[in-house]
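For reference, entry_36.csv (CSV, C-alpha atoms):
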```
chain,number,residue,atom,x,y,z
A,139,MET,CA,112.0,119.8,110.1
A,140,LEU,CA,112.1,116.6,107.9
A,141,ASP,CA,108.4,116.3,108.0
A,142,ALA,CA,108.1,120.0,106.9
A,143,CYS,CA,110.5,119.3,104.1
A,144,ALA,CA,108.5,116.3,102.9
A,145,GLU,CA,105.3,118.4,102.8
A,146,LEU,CA,107.1,121.3,101.0
A,147,VAL,CA,108.7,119.2,98.2
A,148,ASP,CA,105.3,117.8,97.3
A,149,GLU,CA,103.9,121.4,97.1
A,150,VAL,CA,106.7,123.3,95.4
A,151,GLY,CA,109.2,120.6,94.2
A,152,TYR,CA,112.9,120.4,95.0
A,153,GLU,CA,113.7,123.5,93.0
A,154,GLY,CA,111.2,125.6,94.8
A,155,LEU,CA,112.3,124.4,98.2
A,156,THR,CA,114.3,127.0,100.3
A,157,THR,CA,115.7,127.0,103.8
A,158,THR,CA,113.5,130.1,104.5
A,159,LEU,CA,110.3,128.2,103.5
A,160,LEU,CA,111.4,125.2,105.5
A,161,ALA,CA,112.0,127.4,108.6
A,162,GLU,CA,108.6,129.0,108.2
A,163,ARG,CA,106.8,125.6,107.7
A,164,ALA,CA,108.6,124.0,110.7
A,165,GLU,CA,108.0,127.2,112.8
A,166,VAL,CA,111.7,127.4,113.7
A,167,ALA,CA,114.3,130.2,113.3
A,168,ILE,CA,116.4,130.0,110.2
A,169,GLY,CA,119.4,129.7,112.4
A,170,SER,CA,118.0,126.5,113.8
A,171,VAL,CA,117.9,125.0,110.3
A,172,TYR,CA,121.5,125.9,109.6
A,173,GLN,CA,122.5,124.5,112.9
A,174,PHE,CA,121.6,121.0,111.6
A,175,PHE,CA,121.8,121.4,107.8
A,176,PRO,CA,124.2,123.5,105.7
A,177,ASP,CA,121.8,123.7,102.7
A,178,LYS,CA,118.6,122.3,101.3
A,179,ARG,CA,120.5,119.3,99.6
A,180,ALA,CA,121.6,118.2,103.1
A,181,ILE,CA,118.0,118.4,104.3
A,182,VAL,CA,116.7,116.3,101.5
A,183,GLN,CA,119.5,113.8,101.9
A,184,ALA,CA,118.5,113.3,105.5
A,185,LEU,CA,114.9,112.9,104.5
A,186,THR,CA,115.8,110.4,101.8
A,187,LEU,CA,117.9,108.3,104.2
A,188,ARG,CA,115.0,108.3,106.6
A,189,THR,CA,112.7,107.2,103.8
A,190,MET,CA,115.0,104.4,102.8
A,191,GLU,CA,115.1,103.2,106.5
A,192,SER,CA,111.3,103.3,106.6
A,193,TYR,CA,111.1,101.3,103.4
A,194,LEU,CA,113.4,98.6,104.7
A,195,GLN,CA,111.5,98.6,108.0
A,196,ARG,CA,108.2,98.1,106.1
A,197,LEU,CA,109.8,95.1,104.3
A,198,ASP,CA,111.0,93.6,107.6
A,199,GLU,CA,107.5,93.9,109.0
A,200,ARG,CA,106.0,92.2,105.9
A,201,PHE,CA,108.6,89.4,106.0
A,202,ALA,CA,107.8,88.9,109.7
A,203,SER,CA,104.1,88.8,109.4
A,204,ASP,CA,103.4,87.3,105.9
A,205,GLU,CA,103.8,83.6,105.0
A,206,MET,CA,106.4,83.9,102.3
A,207,THR,CA,107.5,80.6,100.8
A,208,HIS,CA,109.4,81.8,97.7
A,209,TRP,CA,111.9,84.6,96.9
A,210,TRP,CA,109.3,86.1,94.5
A,211,ASP,CA,107.1,86.8,97.5
A,212,GLY,CA,109.8,89.0,98.9
A,213,VAL,CA,110.2,90.9,95.5
A,214,ASP,CA,106.5,91.3,95.3
A,215,ALA,CA,106.4,92.8,98.8
A,216,GLY,CA,109.2,95.1,97.8
A,217,ILE,CA,107.2,96.4,94.8
A,218,ASP,CA,104.0,96.7,96.8
A,219,GLU,CA,105.7,98.7,99.5
A,220,TYR,CA,107.3,101.0,96.9
A,221,ILE,CA,103.9,101.7,95.4
A,222,THR,CA,102.3,102.2,98.8
A,223,MET,CA,104.9,104.7,99.7
A,224,HIS,CA,104.2,106.6,96.5
A,225,ARG,CA,100.6,106.9,97.6
A,226,THR,CA,101.0,107.5,101.3
A,227,VAL,CA,104.4,108.9,102.3
A,228,PRO,CA,104.7,112.7,102.0
A,229,GLY,CA,107.6,113.7,99.7
A,230,PHE,CA,108.2,110.3,98.3
A,231,ARG,CA,106.4,110.7,95.0
A,232,THR,CA,108.5,113.8,94.4
A,233,LEU,CA,111.9,112.7,95.7
A,234,HIS,CA,111.7,108.9,95.4
A,235,PHE,CA,115.1,107.7,96.7
A,236,GLY,CA,116.8,111.0,95.9
A,237,ASP,CA,117.4,110.7,92.2
A,238,VAL,CA,115.6,114.0,91.6
A,239,VAL,CA,118.4,115.7,93.6
A,240,ASP,CA,121.4,113.6,93.0
A,241,LEU,CA,121.8,110.1,91.6
A,242,HIS,CA,124.4,109.5,94.3
A,243,LEU,CA,122.5,111.0,97.2
A,244,LEU,CA,122.4,107.8,99.3
A,245,ASP,CA,126.0,106.8,98.5
A,246,GLU,CA,128.9,108.6,96.9
A,247,GLN,CA,130.1,105.4,95.1
A,248,ARG,CA,126.8,103.9,94.0
A,249,ASP,CA,123.7,105.4,92.5
A,250,ASN,CA,120.5,105.4,94.5
A,251,ASN,CA,118.8,102.5,92.9
A,252,GLY,CA,122.0,100.5,93.2
A,253,VAL,CA,121.9,101.0,97.0
A,254,ILE,CA,118.3,99.9,97.1
A,255,ALA,CA,119.2,96.8,95.0
A,256,ASP,CA,122.0,95.9,97.4
A,257,GLN,CA,119.6,96.2,100.4
A,258,LEU,CA,117.0,94.0,98.7
A,259,ALA,CA,119.7,91.4,97.8
A,260,GLN,CA,120.8,91.3,101.4
A,261,VAL,CA,117.2,90.8,102.6
A,262,LEU,CA,116.4,88.1,100.0
A,263,THR,CA,119.7,86.3,100.7
A,264,GLU,CA,119.0,86.2,104.4
A,265,ARG,CA,115.4,85.2,104.2
A,266,PHE,CA,115.4,82.7,101.2
A,267,GLY,CA,119.0,81.5,101.1
A,268,LEU,CA,119.7,82.7,97.6
A,269,THR,CA,123.2,82.2,96.4
A,270,ASP,CA,125.5,83.9,93.8
A,271,VAL,CA,125.1,87.2,95.6
A,272,PRO,CA,127.1,89.3,93.0
A,273,LYS,CA,124.7,88.1,90.2
A,274,LEU,CA,121.7,88.6,92.4
A,275,ARG,CA,122.7,92.2,93.1
A,276,PHE,CA,123.2,92.8,89.4
A,277,VAL,CA,119.9,91.4,88.2
A,278,LEU,CA,118.1,93.2,91.1
A,279,GLU,CA,119.7,96.5,90.0
A,280,ILE,CA,118.3,96.0,86.5
A,281,ALA,CA,114.9,95.1,88.0
A,282,VAL,CA,114.8,98.1,90.3
A,283,GLU,CA,115.6,100.4,87.5
A,284,ALA,CA,112.9,99.0,85.3
A,285,ALA,CA,110.3,98.9,88.1
A,286,ASP,CA,111.2,102.5,89.1
A,287,ALA,CA,110.7,103.8,85.6
A,288,LEU,CA,107.3,102.0,85.1
A,289,ILE,CA,106.0,103.0,88.5
A,290,LYS,CA,106.8,106.6,87.8
A,291,LEU,CA,105.0,106.2,84.5
A,292,ALA,CA,101.9,104.8,86.4
A,293,PHE,CA,101.8,107.8,88.7
A,294,ARG,CA,102.3,110.3,85.8
A,295,ARG,CA,99.3,108.8,84.1
A,296,LYS,CA,97.1,108.8,87.2
A,297,SER,CA,97.6,110.5,90.5
A,298,ASP,CA,96.9,107.3,92.5
A,299,GLY,CA,98.8,105.1,90.0
A,300,ASP,CA,97.5,103.5,86.8
A,301,GLU,CA,96.7,99.9,87.9
A,302,ARG,CA,97.2,98.6,84.3
A,303,VAL,CA,100.8,99.9,84.2
A,304,LEU,CA,101.5,98.7,87.8
A,305,LEU,CA,100.3,95.2,86.9
A,306,GLU,CA,102.4,95.1,83.7
A,307,ALA,CA,105.4,96.3,85.7
A,308,LYS,CA,105.0,93.5,88.2
A,309,ALA,CA,104.6,90.9,85.4
A,310,LEU,CA,107.7,92.2,83.6
A,311,ILE,CA,109.8,92.1,86.7
A,312,ARG,CA,108.6,88.7,87.7
A,313,GLU,CA,109.4,87.2,84.3
A,314,TYR,CA,112.8,88.8,84.2
A,315,LEU,CA,113.8,87.7,87.7
A,316,HIS,CA,112.4,84.2,87.2
A,317,ARG,CA,114.5,83.8,84.1
A,318,GLN,CA,117.6,85.2,85.7
A,319,VAL,CA,117.4,83.8,89.3
A,320,ASP,CA,115.5,80.5,88.9
A,321,GLY,CA,116.4,79.1,85.5
A,322,PRO,CA,119.0,80.6,83.3
A,323,ASP,CA,120.6,77.3,82.6
A,324,SER,CA,117.3,75.6,81.9
A,325,ALA,CA,116.3,78.5,79.7
A,326,ARG,CA,119.4,78.1,77.6
A,327,SER,CA,118.9,74.3,77.5
A,328,THR,CA,115.3,74.8,76.3
A,329,ALA,CA,116.4,77.2,73.7
A,330,GLY,CA,119.0,74.7,72.5
A,331,GLN,CA,116.5,72.0,72.3
A,332,THR,CA,114.1,74.2,70.3
A,333,GLU,CA,116.9,75.0,67.8
A,334,ALA,CA,117.8,71.3,67.5
A,335,THR,CA,114.2,70.2,66.7
A,336,GLN,CA,113.7,72.9,64.1
A,337,PRO,CA,114.0,71.6,60.5
A,338,ALA,CA,117.1,72.5,58.6
```
In structure tokens, how does this file's structure come out?
Amino acid sequence: MLDACAELVDEVGYEGLTTTLLAERAEVAIGSVYQFFPDKRAIVQALTLRTMESYLQRLDERFASDEMTHWWDGVDAGIDEYITMHRTVPGFRTLHFGDVVDLHLLDEQRDNNGVIADQLAQVLTERFGLTDVPKLRFVLEIAVEAADALIKLAFRRKSDGDERVLLEAKALIREYLHRQVDGPDSARSTAGQTEATQPA
């Protein structure tokens, strides 16, 4: 049923999705749908949770197979997999991580992108030994929001994603995270030195 749901939301959107359409596409009785899901929101929630698990599994596989020497490699992989899922995973381009339906579809306490940022922070901390986890989660949430908006823009401009926008998105996120994670103190120091050397 979840596969049928993914196909349908790409065809008719979330608003056009009904349990009747889902039952017809999945070739099951409508009663079978309600046996597992009370309404279409619950169906889409289950699909979105499955998608998030798939996304994290893809990252695990990249981390296991690729030679990643820096935390940015992990962030880069996260962006690449997000873009790939837009192109290849049914329903993802329409639903993303559930924000089309409910900003708190994945977690009642946190918005969907915040949940993704938490998961990325955990992966990066475990793999690259990054510290100051609360700050890392915060800056990743900012990065995820920015990347999400720009990637959506890229796929609005072109059905397979505007490469120029995608490249700019990666450059923007790289610069922001590099400044926040690698060198905020040195950045402030450099700014202070620049001010000190300027003529009065």
Pick from A:Val227, A:Leu305, A:Ala161, A:Leu262, whichever lies nearest to Leu197 of chain A using all atoms listed in the file:
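Nearest to Leu197 of chain A: A:Leu262.
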With only C-alpha atoms counted and 12 Å as the cut-off, give the residues of segment 200-266 of chain A in contact with segment 179-182 of chain A, each with its shortest interatomic distance in Å and the pair that gives it, as CSV.
```
residue,atom,partner,partner_atom,distance
A:Gly229,CA,A:Val182,CA,9.6
A:Phe230,CA,A:Val182,CA,10.9
A:Thr232,CA,A:Val182,CA,11.1
A:Leu233,CA,A:Val182,CA,8.3
A:His234,CA,A:Val182,CA,10.8
A:Phe235,CA,A:Val182,CA,10.0
A:Gly236,CA,A:Val182,CA,7.7
A:Asp237,CA,A:Val182,CA,10.9
A:Val238,CA,A:Val182,CA,10.2
A:Val239,CA,A:Arg179,CA,7.3
A:Asp240,CA,A:Arg179,CA,8.8
A:His242,CA,A:Arg179,CA,11.8
A:Leu243,CA,A:Arg179,CA,8.9
A:Leu244,CA,A:Val182,CA,10.5
```
Just checking: using only C-alpha atoms, which residue out of A:Glu199, A:Glu279, A:Asp141, A:Asp177 ends up closest to Gly212 of chain A?
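Residue with the minimum atom-to-atom distance to Gly212 of chain A: A:Glu199.
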Find the distance between atom CA of Ala281 of chain A and atom CA of Asp214 of chain A and write it in Å to one decimal.
11.8 Å
Just the number, please: distance in Å from atom CA of Thr226 of chain A to atom CA of Glu205 of chain A, one decimal.
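According to the coordinates, atom CA of Thr226 of chain A and atom CA of Glu205 of chain A are separated by 24.3 Å.
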Go through A:Ile221, A:Leu140, A:Ala287, A:Leu258 and flag the residue nearest Gln195 of chain A, using only C-alpha atoms for the distances.
A:Leu258
Using all atoms listed in the file: which of A:Leu304, A:Leu241, A:Val150, A:Val282 has the shortest distance to Thr222 of chain A:
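For Thr222 of chain A, the nearest of the candidates is A:Leu304.
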Best match for closeness to Val303 of chain A among A:Leu288, A:Asp198, A:Asn251, A:Val319, counting all atoms listed in the file
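Using all atoms listed in the file, Val303 of chain A sits closest to A:Leu288.
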Could you give me, as a JSON list (two decimals) with C-alpha atoms, in the coordinates of the input, the residues within 10 Å of Lys178 of chain A, counting all atoms listed in the file and dropping anything in the same chain fewer than 4 positions from it?
```json
[["chain", "number", "residue", "atom", "x", "y", "z"],
["A", 143, "CYS", "CA", 110.50, 119.30, 104.10],
["A", 152, "TYR", "CA", 112.90, 120.40, 95.00],
["A", 153, "GLU", "CA", 113.70, 123.50, 93.00],
["A", 155, "LEU", "CA", 112.30, 124.40, 98.20],
["A", 156, "THR", "CA", 114.30, 127.00, 100.30],
["A", 157, "THR", "CA", 115.70, 127.00, 103.80],
["A", 158, "THR", "CA", 113.50, 130.10, 104.50],
["A", 160, "LEU", "CA", 111.40, 125.20, 105.50],
["A", 171, "VAL", "CA", 117.90, 125.00, 110.30],
["A", 172, "TYR", "CA", 121.50, 125.90, 109.60],
["A", 182, "VAL", "CA", 116.70, 116.30, 101.50],
["A", 183, "GLN", "CA", 119.50, 113.80, 101.90],
["A", 184, "ALA", "CA", 118.50, 113.30, 105.50]]
```
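For the pair atom CA of Ala259 of chain A and atom CA of His316 of chain A, the interatomic distance is 14.7 Å.
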Looking at A:Ala285, A:Val277, A:Leu146, A:Met139, which one is nearest to Arg317 of chain A, with distances taken over only C-alpha atoms?
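The shortest atom-to-atom distance to Arg317 of chain A comes from A:Val277.
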At the level of C-alpha atoms, write segment 153-186 of chain A to a file as a PDB file, in the first residue's frame, please.
```pdb
ATOM      1  CA  GLU A 153      -4.812  16.806  -1.769  1.00  0.00           C
ATOM      2  CA  GLY A 154      -5.974  14.494  -4.536  1.00  0.00           C
ATOM      3  CA  LEU A 155      -5.065  11.335  -2.644  1.00  0.00           C
ATOM      4  CA  THR A 156      -7.990   9.366  -1.219  1.00  0.00           C
ATOM      5  CA  THR A 157      -8.247   6.017   0.525  1.00  0.00           C
ATOM      6  CA  THR A 158     -10.511   4.847  -2.305  1.00  0.00           C
ATOM      7  CA  LEU A 159      -7.860   5.635  -4.925  1.00  0.00           C
ATOM      8  CA  LEU A 160      -5.251   3.943  -2.779  1.00  0.00           C
ATOM      9  CA  ALA A 161      -7.320   0.775  -2.430  1.00  0.00           C
ATOM     10  CA  GLU A 162      -7.875   0.670  -6.182  1.00  0.00           C
ATOM     11  CA  ARG A 163      -4.178   1.188  -6.992  1.00  0.00           C
ATOM     12  CA  ALA A 164      -3.035  -1.353  -4.394  1.00  0.00           C
ATOM     13  CA  GLU A 165      -5.769  -3.769  -5.541  1.00  0.00           C
ATOM     14  CA  VAL A 166      -7.073  -4.321  -2.030  1.00  0.00           C
ATOM     15  CA  ALA A 167     -10.461  -3.857  -0.408  1.00  0.00           C
ATOM     16  CA  ILE A 168     -11.082  -0.456   1.182  1.00  0.00           C
ATOM     17  CA  GLY A 169     -11.569  -2.269   4.492  1.00  0.00           C
ATOM     18  CA  SER A 170      -7.997  -3.529   4.271  1.00  0.00           C
ATOM     19  CA  VAL A 171      -6.752   0.047   4.051  1.00  0.00           C
ATOM     20  CA  TYR A 172      -8.662   1.076   7.174  1.00  0.00           C
ATOM     21  CA  GLN A 173      -7.438  -2.019   8.969  1.00  0.00           C
ATOM     22  CA  PHE A 174      -3.951  -0.497   8.965  1.00  0.00           C
ATOM     23  CA  PHE A 175      -4.537   3.243   8.517  1.00  0.00           C
ATOM     24  CA  PRO A 176      -7.346   5.441   9.900  1.00  0.00           C
ATOM     25  CA  ASP A 177      -6.949   8.092   7.180  1.00  0.00           C
ATOM     26  CA  LYS A 178      -4.715   9.266   4.361  1.00  0.00           C
ATOM     27  CA  ARG A 179      -2.540  11.318   6.729  1.00  0.00           C
ATOM     28  CA  ALA A 180      -1.584   8.140   8.584  1.00  0.00           C
ATOM     29  CA  ILE A 181      -0.715   6.454   5.288  1.00  0.00           C
ATOM     30  CA  VAL A 182       1.509   9.324   4.207  1.00  0.00           C
ATOM     31  CA  GLN A 183       3.098   9.444   7.664  1.00  0.00           C
ATOM     32  CA  ALA A 184       4.052   5.767   7.366  1.00  0.00           C
ATOM     33  CA  LEU A 185       5.431   6.401   3.876  1.00  0.00           C
ATOM     34  CA  THR A 186       7.465   9.382   5.096  1.00  0.00           C
TER      35      THR A 186
END
```
